[in-house]
Amino acid sequence: MPLAHQPTHTPMLPSTIDHLSCITETRTATQEALQKAQDWLIPKMIRYKTFEVGSLIWLEGMNLKQTEGTPKLSPRQYRPFKVATQISHVAYQLDLSKT
């Protein structure tokens with residue numbers, strides 16, 4: 001093929017290595033920004049409180065089955081009970097009375 005009247009140009013495309021380094025830098029900056037946002041947001045989202053064994057806490061009655069009466073008129077919380085053991089960071093075993 002003749003190259004008449006066709007000037008030869010060097011391509012203006014970035015090299016593959018430059019492109020990969022740009023992608024790597026962008027990805028690293030994005031991961032750092034995500035980690036910073038998570039570190040700032042997660043402590044604000046934690047809604048549970050840790051308790052010590054032996055401390056007194058109120059028992060929430062929302063998911064307890066009622067043997068009599070209606071759930072609408074039943075108490076929302078029950079008297080303070082002593083924490084017997086800690087099962088996980090959000091679950092505890094209480095010393096409940098027989099009734």
# chains A, B, ... in the order shown; residues from 1 in each chain; ligands from 1
call {"tool": "select_by_dssp", "arguments": {"residues": "region 19-97 of chain A", "states": "alpha helix (DSSP H)", "output": "list in words"}}
result
His19, Leu20, Ser21, Cys22, Ile23, Thr24, Glu25, Thr26, Arg27, Thr28, Ala29, Thr30, Gln31, Glu32, Ala33, Leu34, Gln35, Lys36, Ala37, Gln38, Asp39, Trp40, Leu41, Ile42, Pro43, Lys44 and Met45 of chain A
call {"tool": "atom_distance", "arguments": {"atom1": "CA of Glu60 (chain A)", "atom2": "CA of Ser97 (chain A)"}}
result
15.2 Å
call {"tool": "residues_around", "arguments": {"residues": "Gln93 (chain A)", "least_positions_apart": "6", "cutoff": "7 Å", "atoms": "only C-alpha atoms", "output": "list of chain:residue names"}}
result
A:Val83, A:Ala84, A:Thr85, A:Gln86, A:Ile87
call {"tool": "select_by_dssp", "arguments": {"residues": "region 23-62 of chain A", "states": "strand (DSSP E or B)", "output": "MDAnalysis selection string"}}
result
chainID A and resid 56:60
call {"tool": "write_last_selection", "arguments": {"atoms": "N, CA and C atoms", "output": "mmCIF file, in the first residue's frame"}}
result
data_model
loop_
_atom_site.group_PDB
_atom_site.id
_atom_site.type_symbol
_atom_site.label_atom_id
_atom_site.label_comp_id
_atom_site.auth_asym_id
_atom_site.auth_seq_id
_atom_site.Cartn_x
_atom_site.Cartn_y
_atom_site.Cartn_z
ATOM 1 N N LEU A 56 -27.845 -5.278 86.592
ATOM 2 C CA LEU A 56 -29.296 -5.387 86.441
ATOM 3 C C LEU A 56 -29.724 -4.692 85.161
ATOM 4 N N ILE A 57 -30.536 -5.382 84.360
ATOM 5 C CA ILE A 57 -31.038 -4.787 83.117
ATOM 6 C C ILE A 57 -32.526 -5.071 82.990
ATOM 7 N N TRP A 58 -33.205 -4.241 82.229
ATOM 8 C CA TRP A 58 -34.632 -4.420 81.966
ATOM 9 C C TRP A 58 -34.798 -5.354 80.779
ATOM 10 N N LEU A 59 -35.788 -6.231 80.850
ATOM 11 C CA LEU A 59 -36.079 -7.178 79.776
ATOM 12 C C LEU A 59 -37.139 -6.578 78.864
ATOM 13 N N GLU A 60 -36.819 -6.490 77.569
ATOM 14 C CA GLU A 60 -37.781 -5.966 76.604
ATOM 15 C C GLU A 60 -38.850 -7.015 76.341
#
call {"tool": "decode", "arguments": {"residues": "region 38-65 of chain A", "atoms": "N, CA and C atoms", "output": "mmCIF file, in the first residue's frame"}}
result
data_model
loop_
_atom_site.group_PDB
_atom_site.id
_atom_site.type_symbol
_atom_site.label_atom_id
_atom_site.label_comp_id
_atom_site.auth_asym_id
_atom_site.auth_seq_id
_atom_site.Cartn_x
_atom_site.Cartn_y
_atom_site.Cartn_z
ATOM 1 N N GLN A 38 -16.100 4.096 56.504
ATOM 2 C CA GLN A 38 -16.578 3.040 57.396
ATOM 3 C C GLN A 38 -16.111 3.276 58.829
ATOM 4 N N ASP A 39 -14.855 3.686 58.999
ATOM 5 C CA ASP A 39 -14.340 3.956 60.339
ATOM 6 C C ASP A 39 -15.110 5.094 61.003
ATOM 7 N N TRP A 40 -15.584 6.045 60.226
ATOM 8 C CA TRP A 40 -16.348 7.163 60.772
ATOM 9 C C TRP A 40 -17.796 6.774 61.041
ATOM 10 N N LEU A 41 -18.389 5.930 60.183
ATOM 11 C CA LEU A 41 -19.814 5.636 60.272
ATOM 12 C C LEU A 41 -20.153 4.489 61.210
ATOM 13 N N ILE A 42 -19.356 3.450 61.265
ATOM 14 C CA ILE A 42 -19.701 2.254 62.038
ATOM 15 C C ILE A 42 -19.892 2.550 63.525
ATOM 16 N N PRO A 43 -19.038 3.330 64.187
ATOM 17 C CA PRO A 43 -19.312 3.607 65.604
ATOM 18 C C PRO A 43 -20.646 4.319 65.834
ATOM 19 N N LYS A 44 -21.109 5.071 64.868
ATOM 20 C CA LYS A 44 -22.392 5.762 65.013
ATOM 21 C C LYS A 44 -23.570 4.821 64.805
ATOM 22 N N MET A 45 -23.348 3.707 64.109
ATOM 23 C CA MET A 45 -24.439 2.780 63.810
ATOM 24 C C MET A 45 -24.635 1.733 64.903
ATOM 25 N N ILE A 46 -23.664 1.562 65.798
ATOM 26 C CA ILE A 46 -23.775 0.547 66.836
ATOM 27 C C ILE A 46 -24.853 0.982 67.819
ATOM 28 N N ARG A 47 -25.870 0.138 67.972
ATOM 29 C CA ARG A 47 -26.993 0.496 68.825
ATOM 30 C C ARG A 47 -27.096 -0.394 70.060
ATOM 31 N N TYR A 48 -26.186 -1.289 70.238
ATOM 32 C CA TYR A 48 -26.251 -2.161 71.396
ATOM 33 C C TYR A 48 -25.263 -1.681 72.449
ATOM 34 N N LYS A 49 -25.576 -2.028 73.695
ATOM 35 C CA LYS A 49 -24.738 -1.647 74.814
ATOM 36 C C LYS A 49 -24.247 -2.921 75.486
ATOM 37 N N THR A 50 -23.000 -2.949 75.867
ATOM 38 C CA THR A 50 -22.475 -4.132 76.543
ATOM 39 C C THR A 50 -22.786 -4.039 78.031
ATOM 40 N N PHE A 51 -23.036 -5.187 78.651
ATOM 41 C CA PHE A 51 -23.364 -5.259 80.065
ATOM 42 C C PHE A 51 -22.371 -6.183 80.758
ATOM 43 N N GLU A 52 -22.162 -5.950 82.019
ATOM 44 C CA GLU A 52 -21.295 -6.787 82.831
ATOM 45 C C GLU A 52 -22.125 -7.886 83.484
ATOM 46 N N VAL A 53 -21.511 -9.037 83.748
ATOM 47 C CA VAL A 53 -22.187 -10.117 84.460
ATOM 48 C C VAL A 53 -22.482 -9.627 85.882
ATOM 49 N N GLY A 54 -23.740 -9.789 86.309
ATOM 50 C CA GLY A 54 -24.152 -9.341 87.632
ATOM 51 C C GLY A 54 -24.880 -8.015 87.624
ATOM 52 N N SER A 55 -24.832 -7.274 86.511
ATOM 53 C CA SER A 55 -25.546 -6.001 86.459
ATOM 54 C C SER A 55 -27.029 -6.254 86.231
ATOM 55 N N LEU A 56 -27.845 -5.278 86.592
ATOM 56 C CA LEU A 56 -29.296 -5.387 86.441
ATOM 57 C C LEU A 56 -29.724 -4.692 85.161
ATOM 58 N N ILE A 57 -30.536 -5.382 84.360
ATOM 59 C CA ILE A 57 -31.038 -4.787 83.117
ATOM 60 C C ILE A 57 -32.526 -5.071 82.990
ATOM 61 N N TRP A 58 -33.205 -4.241 82.229
ATOM 62 C CA TRP A 58 -34.632 -4.420 81.966
ATOM 63 C C TRP A 58 -34.798 -5.354 80.779
ATOM 64 N N LEU A 59 -35.788 -6.231 80.850
ATOM 65 C CA LEU A 59 -36.079 -7.178 79.776
ATOM 66 C C LEU A 59 -37.139 -6.578 78.864
ATOM 67 N N GLU A 60 -36.819 -6.490 77.569
ATOM 68 C CA GLU A 60 -37.781 -5.966 76.604
ATOM 69 C C GLU A 60 -38.850 -7.015 76.341
ATOM 70 N N GLY A 61 -40.127 -6.611 76.393
ATOM 71 C CA GLY A 61 -41.221 -7.562 76.270
ATOM 72 C C GLY A 61 -41.856 -7.619 74.900
ATOM 73 N N MET A 62 -41.240 -7.042 73.881
ATOM 74 C CA MET A 62 -41.855 -6.974 72.558
ATOM 75 C C MET A 62 -42.076 -8.360 71.950
ATOM 76 N N ASN A 63 -41.116 -9.256 72.063
ATOM 77 C CA ASN A 63 -41.219 -10.553 71.400
ATOM 78 C C ASN A 63 -41.562 -11.697 72.355
ATOM 79 N N LEU A 64 -42.032 -11.382 73.551
ATOM 80 C CA LEU A 64 -42.404 -12.422 74.503
ATOM 81 C C LEU A 64 -43.849 -12.843 74.271
ATOM 82 N N LYS A 65 -44.117 -14.142 74.372
ATOM 83 C CA LYS A 65 -45.487 -14.636 74.234
ATOM 84 C C LYS A 65 -46.248 -14.348 75.518
#
